[in-house]
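J.: Sharing structure.txt here; it has compact mmCIF, C-alpha atoms.
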# COMPACT_ATOMS: atom_id res chain seq x y z
CA MET A 52 132.74 2.13 64.64
CA ILE A 53 132.16 4.23 67.73
CA ASN A 54 128.99 6.31 67.80
CA ILE A 55 130.27 9.84 67.27
CA THR A 56 127.82 11.29 69.79
CA GLU A 57 129.78 9.48 72.50
CA TYR A 58 132.73 11.70 71.64
CA GLN A 59 130.85 14.98 71.71
CA ALA A 60 130.23 15.15 75.46
CA ILE A 61 132.89 16.97 77.45
CA HIS A 62 131.87 15.24 80.65
CA GLU A 63 130.52 11.97 79.33
CA ASN A 64 127.65 10.38 81.24
CA LYS A 65 126.89 7.59 78.80
CA SER A 66 128.31 4.18 79.67
CA HIS A 67 130.91 2.79 77.28
CA PHE A 68 130.58 -0.70 78.65
CA ASP A 69 128.54 -3.86 78.23
CA TYR A 70 128.35 -7.37 79.70
CA ASN A 71 128.56 -5.69 83.12
CA MET A 72 132.27 -5.22 82.43
CA PRO A 73 133.51 -1.62 82.73
CA TYR A 74 136.13 -2.09 80.01
CA ASN A 75 135.64 -1.59 76.30
CA THR A 76 137.59 -0.95 73.13
CA TYR A 77 136.58 1.23 70.18
CA PRO A 78 138.56 1.14 66.89
CA CYS A 79 138.64 4.57 65.24
CA THR A 80 140.24 6.18 62.20
CA ILE A 81 140.86 9.87 61.55
CA PRO A 82 139.79 11.26 59.13
CA LEU A 83 137.63 8.36 57.88
CA ASP A 84 135.36 8.15 60.93
CA PHE A 85 135.55 11.84 61.83
CA ASP A 86 138.02 14.68 61.28
CA SER A 87 139.11 15.05 64.90
CA VAL A 88 138.12 14.48 68.52
CA PRO A 89 137.68 17.92 70.14
CA LEU A 90 138.93 18.57 73.65
CA HIS A 91 136.83 16.77 76.24
CA TRP A 92 137.13 15.04 79.62
CA HIS A 93 135.44 12.22 81.49
CA ASP A 94 135.66 10.25 84.71
CA ASP A 95 136.82 7.05 82.98
CA ALA A 96 140.47 6.26 82.41
CA GLU A 97 141.58 5.69 78.83
CA PHE A 98 144.39 4.29 76.73
CA ILE A 99 144.72 5.54 73.15
CA TYR A 100 146.69 2.83 71.34
CA ILE A 101 147.99 3.94 67.92
CA LYS A 102 147.80 1.06 65.44
CA LYS A 103 148.69 2.70 62.12
CA GLY A 104 149.73 6.10 60.81
CA ALA A 105 150.45 9.23 62.84
CA GLY A 106 148.53 12.04 64.48
CA ILE A 107 148.40 14.55 67.31
CA ILE A 108 147.08 14.04 70.82
CA VAL A 109 146.56 17.06 73.09
CA ILE A 110 146.50 16.42 76.85
CA ASP A 111 145.97 19.27 79.31
CA GLY A 112 147.16 21.79 76.73
CA ASN A 113 150.31 19.89 75.74
CA GLU A 114 150.63 18.61 72.17
CA TYR A 115 152.16 15.22 71.43
CA HIS A 116 152.94 13.80 67.98
CA VAL A 117 152.21 10.08 68.02
CA LYS A 118 152.77 7.21 65.59
CA ALA A 119 152.04 3.50 65.27
CA GLY A 120 152.90 1.65 68.47
CA ASP A 121 152.61 4.67 70.77
CA ILE A 122 150.15 4.51 73.67
CA ALA A 123 148.64 7.54 75.39
CA PHE A 124 147.47 7.08 78.97
CA ILE A 125 144.61 9.45 79.82
CA LEU A 126 143.86 9.53 83.54
CA PRO A 127 140.36 10.56 84.71
CA SER A 128 139.40 14.24 84.26
CA ARG A 129 142.30 15.11 81.96
CA VAL A 130 141.25 17.39 79.10
CA HIS A 131 142.31 15.72 75.85
CA GLY A 132 141.64 15.54 72.12
CA ILE A 133 142.89 13.75 69.01
CA PHE A 134 143.71 15.52 65.75
CA GLN A 135 144.97 14.82 62.26
CA LEU A 136 148.64 15.51 61.50
CA ASP A 137 148.91 17.19 58.09
CA ASN A 138 147.31 14.72 55.64
CA GLU A 139 148.21 11.62 57.66
CA GLN A 140 145.65 8.98 58.54
CA ILE A 141 145.69 7.64 62.07
CA GLU A 142 144.12 4.37 63.16
CA TYR A 143 143.84 3.79 66.90
CA GLU A 144 141.98 1.96 69.63
CA ASN A 145 140.20 3.77 72.44
CA ILE A 146 140.45 1.51 75.47
CA ILE A 147 138.18 2.97 78.12
CA PHE A 148 137.69 1.64 81.63
CA ASP A 149 136.25 2.67 84.96
CA SER A 150 139.00 2.91 87.59
CA LYS A 151 136.46 1.93 90.25
CA MET A 152 136.42 -1.60 88.83
CA PHE A 153 139.48 -2.16 91.03
CA ALA A 154 137.86 -0.98 94.27
CA SER A 155 136.97 -3.60 96.86
CA THR A 156 135.46 -3.57 100.32
CA LEU A 157 137.71 -6.49 101.28
CA ASP A 158 141.02 -4.64 101.16
CA ASP A 159 142.48 -1.15 101.09
CA PHE A 160 144.76 -1.63 98.08
CA TYR A 161 142.64 0.67 95.93
CA ASP A 162 142.66 3.55 98.42
CA SER A 163 146.33 3.09 99.29
CA PHE A 164 147.84 2.55 95.86
CA LEU A 165 145.43 3.14 92.99
CA LEU A 166 143.29 6.05 94.15
CA PRO A 167 146.22 8.51 94.31
CA PHE A 168 147.27 7.20 90.90
CA PHE A 169 143.87 7.85 89.30
CA GLU A 170 143.51 11.20 91.04
CA ASN A 171 146.44 12.56 89.00
CA THR A 172 148.78 13.03 91.94
CA VAL A 173 151.56 10.81 90.55
CA ASN A 174 154.08 12.00 87.98
CA ILE A 175 153.56 9.56 85.10
CA PRO A 176 154.17 10.02 81.34
CA CYS A 177 151.20 10.82 79.13
CA ILE A 178 152.73 9.03 76.14
CA PHE A 179 154.35 5.62 76.29
CA ARG A 180 156.54 4.51 73.40
CA SER A 181 159.61 2.37 72.85
CA GLY A 182 162.26 3.44 75.34
CA VAL A 183 159.83 4.86 77.91
CA THR A 184 159.84 2.96 81.21
CA GLY A 185 156.78 0.72 81.44
CA TYR A 186 155.95 0.77 77.73
CA GLU A 187 156.59 -2.93 77.06
CA SER A 188 154.41 -3.89 80.04
CA ILE A 189 151.49 -1.72 78.92
CA LYS A 190 151.75 -3.00 75.35
CA LYS A 191 151.89 -6.63 76.51
CA TYR A 192 148.75 -6.47 78.66
CA LEU A 193 146.72 -4.34 76.25
CA ASP A 194 147.54 -6.69 73.37
CA SER A 195 146.48 -9.61 75.54
CA ASN A 196 143.20 -7.89 76.46
CA ASP A 197 142.60 -7.07 72.81
CA ASN A 198 142.75 -10.77 71.99
CA ILE A 199 140.54 -11.70 74.96
CA SER A 200 137.94 -9.03 74.12
CA SER A 201 137.66 -10.22 70.52
CA HIS A 202 136.59 -13.70 71.65
CA ARG A 203 134.83 -13.13 74.99
CA GLU A 204 134.76 -16.79 75.84
CA GLY A 205 134.08 -18.19 79.29
CA ALA A 206 135.19 -16.05 82.20
CA TRP A 207 136.84 -13.53 79.89
CA GLY A 208 136.16 -10.67 82.31
CA LEU A 209 138.43 -12.24 84.91
CA ALA A 210 141.30 -12.32 82.43
CA ILE A 211 140.71 -8.69 81.44
CA LYS A 212 140.68 -7.54 85.04
CA GLY A 213 143.70 -9.68 85.93
CA ASN A 214 145.75 -8.16 83.13
CA MET A 215 144.72 -4.67 84.19
CA TYR A 216 145.79 -5.36 87.78
CA LEU A 217 149.21 -6.49 86.53
CA LEU A 218 149.51 -3.50 84.20
CA LEU A 219 148.65 -1.04 86.96
CA PHE A 220 150.86 -2.83 89.48
CA ASN A 221 153.83 -2.25 87.18
CA LEU A 222 152.98 1.41 86.63
CA VAL A 223 152.33 2.14 90.31
CA THR A 224 155.62 0.45 91.17
CA LEU A 225 157.58 2.32 88.49
CA TYR A 226 156.06 5.76 89.03
CA GLU A 227 155.80 6.95 92.61
CA ASP A 228 156.95 10.59 92.50
CA LYS A 229 154.28 13.16 93.30
CA ILE A 230 153.28 15.61 90.58
CA ASP A 231 153.42 19.41 90.65
CA SER A 232 149.71 20.23 90.74
CA SER A 233 149.97 23.89 89.67
CA SER A 234 149.46 23.19 85.95
CA ARG A 235 146.58 20.80 86.72
CA LYS A 236 144.84 23.50 88.74
CA LYS A 237 144.95 25.83 85.73
CA ILE A 238 143.29 23.24 83.49
CA ASP A 239 140.72 22.40 86.19
CA ARG A 240 139.78 26.07 86.45
CA LEU A 241 138.88 26.13 82.75
CA LYS A 242 136.79 22.94 82.72
CA PRO A 243 133.47 24.83 83.11
CA VAL A 244 134.37 26.79 79.96
CA ILE A 245 135.23 23.65 77.99
CA LYS A 246 132.00 22.03 79.10
CA HIS A 247 129.99 25.15 78.23
CA VAL A 248 131.34 25.13 74.67
CA GLU A 249 130.39 21.47 74.24
CA LEU A 250 126.87 22.00 75.50
CA HIS A 251 126.19 25.43 73.99
CA TYR A 252 128.47 25.84 70.96
CA SER A 253 125.43 26.59 68.76
CA GLU A 254 124.46 29.58 70.93
CA THR A 255 125.89 33.08 71.11
CA THR A 256 128.98 32.88 73.31
CA ASN A 257 131.22 35.79 74.24
CA ILE A 258 134.35 36.49 76.23
CA LYS A 259 132.48 38.41 78.91
CA ASP A 260 130.19 35.50 79.78
CA MET A 261 133.03 32.96 79.80
CA ALA A 262 135.16 35.17 82.03
CA LYS A 263 132.24 35.61 84.42
CA LEU A 264 131.66 31.85 84.46
CA ILE A 265 135.00 31.28 86.21
CA GLY A 266 135.24 34.61 88.04
CA PHE A 267 137.88 36.30 85.86
CA SER A 268 138.12 39.69 84.21
CA GLU A 269 137.90 39.52 80.41
CA SER A 270 141.58 40.35 79.90
CA HIS A 271 142.73 37.84 82.51
CA PHE A 272 140.48 35.14 81.04
CA MET A 273 141.82 35.63 77.50
CA ARG A 274 145.43 35.48 78.72
CA PHE A 275 144.75 32.52 81.04
CA PHE A 276 142.99 30.48 78.32
CA LYS A 277 145.72 31.02 75.75
CA GLU A 278 148.45 30.11 78.25
CA ALA A 279 146.61 26.87 79.10
CA PHE A 280 145.64 25.70 75.60
CA GLY A 281 147.95 27.59 73.24
CA VAL A 282 145.13 29.23 71.26
CA SER A 283 142.68 32.02 71.97
CA PHE A 284 139.22 31.18 73.24
CA VAL A 285 137.63 32.53 70.05
CA THR A 286 139.87 30.32 67.91
CA TYR A 287 139.03 27.32 70.07
CA LEU A 288 135.28 28.02 69.90
CA ASN A 289 135.27 28.48 66.11
CA ASP A 290 137.39 25.34 65.63
CA TYR A 291 134.96 23.33 67.76
CA ARG A 292 132.00 24.64 65.77
CA LEU A 293 133.68 23.80 62.47
CA SER A 294 134.43 20.26 63.68
CA MET A 295 130.76 19.76 64.52
CA ALA A 296 129.78 21.18 61.13
CA ALA A 297 132.13 18.76 59.33
CA ARG A 298 130.47 15.83 61.11
CA MET A 299 127.00 17.06 60.22
CA LEU A 300 127.95 17.52 56.57
CA LEU A 301 128.87 13.84 56.36
CA SER A 302 126.11 12.42 58.55
CA THR A 303 123.05 14.50 57.57
CA GLU A 304 121.39 15.82 54.43
CA GLU A 305 120.72 19.27 55.86
CA SER A 306 121.73 22.27 53.78
CA VAL A 307 125.00 24.10 54.34
CA LEU A 308 123.02 27.13 55.55
CA GLU A 309 121.10 25.06 58.10
CA ILE A 310 124.28 23.45 59.39
CA SER A 311 126.12 26.76 59.66
CA GLN A 312 123.29 28.15 61.77
CA GLN A 313 123.07 25.04 63.94
CA VAL A 314 126.74 25.26 64.88
CA GLY A 315 126.56 28.93 65.78
CA PHE A 316 127.59 30.89 62.67
CA GLU A 317 125.23 33.76 61.93
CA ASN A 318 126.78 34.62 58.56
CA LEU A 319 126.99 31.97 55.82
CA SER A 320 129.84 33.68 53.96
CA HIS A 321 131.90 33.86 57.14
CA PHE A 322 131.19 30.19 57.81
CA ASN A 323 132.25 29.20 54.29
CA ARG A 324 135.51 31.16 54.58
CA GLN A 325 136.38 29.73 57.99
CA PHE A 326 135.51 26.20 56.89
CA LYS A 327 137.72 26.38 53.80
CA ARG A 328 140.55 27.84 55.86
CA LYS A 329 140.39 24.86 58.23
CA TYR A 330 139.73 22.02 55.78
CA GLY A 331 141.03 23.35 52.46
CA LYS A 332 137.62 22.75 50.88
CA THR A 333 134.25 24.49 50.80
CA PRO A 334 131.49 22.79 52.81
CA ARG A 335 129.94 21.48 49.57
CA GLU A 336 133.26 20.09 48.34
CA TYR A 337 133.86 18.48 51.74
CA ARG A 338 130.47 16.77 51.62
CA ASN A 339 131.10 15.38 48.14
Let's see the structure in the file written out as structure tokens.

T.:
Amino acid sequence: MINITEYQAIHENKSHFDYNMPYNTYPCTIPLDFDSVPLHWHDDAEFIYIKKGAGIIVIDGNEYHVKAGDIAFILPSRVHGIFQLDNEQIEYENIIFDSKMFASTLDDFYDSFLLPFFENTVNIPCIFRSGVTGYESIKKYLDSNDNISSHREGAWGLAIKGNMYLLLFNLVTLYEDKIDSSSRKKIDRLKPVIKHVELHYSETTNIKDMAKLIGFSESHFMRFFKEAFGVSFVTYLNDYRLSMAARMLLSTEESVLEISQQVGFENLSHFNRQFKRKYGKTPREYRN
């Protein structure tokens, strides 16, 4: 099971990798491991490979319903999260790798072909499923790497890297059209706000300060945030706080009052109401 603290950082600095191989796989289940993965971003690239069930993946403000067999491709710096769909359980693998593992001083293939790809300048689908060009190739090489990673025998790292080169070769060949960067720029503008929430969700946070953080008026910030993510900033902030509270309820023995205060709620009754609205249970019922 993945350490949940590795999911809490918006701009993750902790290495996901071992054996000097910048490629690793984490099996996860929502809601058994945690109730959701709040919006976050990191410099690593990531595949989210759905193994069982169904759920929701949000990428740069767009919501995608996914089911077993679907594969999300998260390029570096894309703001994304994973959420439960109704009462469905979703089992998936997080396959996280450093795109720089393909860089070499001996050739310019990385700069010429892969760097534009990983810098989000190419128009490529976020979700690959049956019928989407390139899906069978991605599935083939990820399944192969899954088998290799489970054994890690001999020069297993060479096989992992070789499969990834073939996977990316196919994608780079299939998807060459340049992307319209206007929507990306909107998401990029809000990254300081997303990061601030992750680092300071327990503190008093208001619209005025968030608007100032990115140089907007309050009214423009509220409109801009909702257009980008589909919910108001206040709704997003409260939802993030409640997600952190749910994790603490299951992983600590602290009282409901202590947890409510630690995640930024000043009023226990308000916290209880908001928690039950989100999860359908009181904090005490959720813990039990």

J.: With segment 78-89 of chain A as the partner and 12 Å as the cut-off, tabulate the residues of segment 210-325 of chain A that qualify, each row holding the nearest pair of atoms and their distance in Å to one decimal, using all atoms listed in the file, sorted by chain and rising number, as a Markdown table.

T.:
| residue | atom | partner | partner_atom | distance |
| --- | --- | --- | --- | --- |
| A:Ile245 | CA | A:Pro89 | CA | 10.0 |
| A:Lys246 | CA | A:Pro89 | CA | 11.4 |
| A:Val248 | CA | A:Pro89 | CA | 10.6 |
| A:Glu249 | CA | A:Pro89 | CA | 9.1 |
| A:Tyr287 | CA | A:Pro89 | CA | 9.5 |
| A:Leu288 | CA | A:Pro89 | CA | 10.4 |
| A:Asn289 | CA | A:Pro89 | CA | 11.6 |
| A:Asp290 | CA | A:Pro89 | CA | 8.7 |
| A:Tyr291 | CA | A:Pro89 | CA | 6.5 |
| A:Arg292 | CA | A:Pro89 | CA | 9.8 |
| A:Leu293 | CA | A:Asp86 | CA | 10.2 |
| A:Ser294 | CA | A:Asp86 | CA | 7.1 |
| A:Met295 | CA | A:Pro89 | CA | 9.1 |
| A:Ala296 | CA | A:Asp86 | CA | 10.5 |
| A:Ala297 | CA | A:Asp86 | CA | 7.4 |
| A:Arg298 | CA | A:Phe85 | CA | 6.5 |
| A:Met299 | CA | A:Phe85 | CA | 10.1 |
| A:Leu300 | CA | A:Phe85 | CA | 10.8 |
| A:Leu301 | CA | A:Phe85 | CA | 8.9 |
| A:Ser302 | CA | A:Phe85 | CA | 10.0 |

J.: For each of A:Leu225, A:Leu217, A:Ile141, A:Leu166, take the minimum atom-to-atom distance to Thr184 of chain A, counting only C-alpha atoms, then give the residue where this is smallest.

T.: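 Ranking A:Leu225, A:Leu217, A:Ile141, A:Leu166 by distance to Thr184 of chain A, first place goes to A:Leu225.
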
J.: Could you list, as a PDB file with C-alpha atoms, keeping the file's coordinate frame, every residue within 9 Å of segment 189-194 of chain A, counting all atoms listed in the file and ignoring same-chain residues fewer than 3 positions away?

T.:
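Saved file part-v4.pdb follows:
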ATOM      1  CA  PHE A  98     144.390   4.290  76.730  1.00  0.00           C
ATOM      2  CA  TYR A 100     146.690   2.830  71.340  1.00  0.00           C
ATOM      3  CA  GLY A 120     152.900   1.650  68.470  1.00  0.00           C
ATOM      4  CA  ASP A 121     152.610   4.670  70.770  1.00  0.00           C
ATOM      5  CA  ILE A 122     150.150   4.510  73.670  1.00  0.00           C
ATOM      6  CA  ILE A 146     140.450   1.510  75.470  1.00  0.00           C
ATOM      7  CA  PHE A 179     154.350   5.620  76.290  1.00  0.00           C
ATOM      8  CA  GLY A 185     156.780   0.720  81.440  1.00  0.00           C
ATOM      9  CA  TYR A 186     155.950   0.770  77.730  1.00  0.00           C
ATOM     10  CA  ASP A 197     142.600  -7.070  72.810  1.00  0.00           C
ATOM     11  CA  ASN A 198     142.750 -10.770  71.990  1.00  0.00           C
ATOM     12  CA  ILE A 199     140.540 -11.700  74.960  1.00  0.00           C
ATOM     13  CA  ILE A 211     140.710  -8.690  81.440  1.00  0.00           C
ATOM     14  CA  ASN A 214     145.750  -8.160  83.130  1.00  0.00           C
ATOM     15  CA  MET A 215     144.720  -4.670  84.190  1.00  0.00           C
ATOM     16  CA  LEU A 217     149.210  -6.490  86.530  1.00  0.00           C
ATOM     17  CA  LEU A 218     149.510  -3.500  84.200  1.00  0.00           C
ATOM     18  CA  LEU A 219     148.650  -1.040  86.960  1.00  0.00           C
ATOM     19  CA  ASN A 221     153.830  -2.250  87.180  1.00  0.00           C
ATOM     20  CA  LEU A 222     152.980   1.410  86.630  1.00  0.00           C
TER      21      LEU A 222
END

J.: Calculate how many Å separate atom CA of Val307 of chain A from atom CA of Glu254 of chain A, rounding to one decimal.

T.: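 Calculated distance between atom CA of Val307 of chain A and atom CA of Glu254 of chain A is 17.5 Å.
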
J.: Atom CA of Lys327 of chain A and atom CA of Gln312 of chain A are how many Å apart?

T.: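 Result for atom CA of Lys327 of chain A versus atom CA of Gln312 of chain A: 16.6 Å, one decimal.
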
J.: By how many Å are atom CA of Tyr226 of chain A and atom CA of Ala96 of chain A apart?

T.: 16.9 Å

J.: I'd like to know which of A:Phe267, A:Tyr74, A:Arg324, A:Ile110 is closest to Asn196 of chain A, using only C-alpha atoms.

T.: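 Smallest distance to Asn196 of chain A is found for A:Tyr74.
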
J.: Go through A:Thr333, A:Arg338, A:Phe220, A:Ala119 one by one, measure the shortest atom-to-atom distance of each to Glu305 of chain A using all atoms listed in the file, and give the residue with the smallest value.

T.: A:Arg338

J.: Neighbours of Ala123 of chain A within 12 Å (all atoms listed in the file; same-chain residues fewer than 3 positions away dropped), as a PyMOL selection string?

T.: chain A and resi 96-102+106-110+114-120+126+129+131-133+143-147+175-180+183+186+189-190

J.: With distances taken over all atoms listed in the file, which residue among A:Ala206, A:Val285, A:Met152, A:Leu241 lies nearest Gly266 of chain A?

T.: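 Among the listed residues, A:Leu241 lies closest to Gly266 of chain A.
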
J.: Find, counting only C-alpha atoms, the residue in A:Gly182, A:Gly205, A:Gly213, A:Pro167 that gets nearest to Asp228 of chain A.

T.: A:Pro167

J.: Write out as JSON, numbers by chain the residues lying within 6 Å of Val130 of chain A, counting all atoms listed in the file and excluding same-chain residues fewer than 4 positions away.

T.: {"A": [91, 92, 110, 111]}
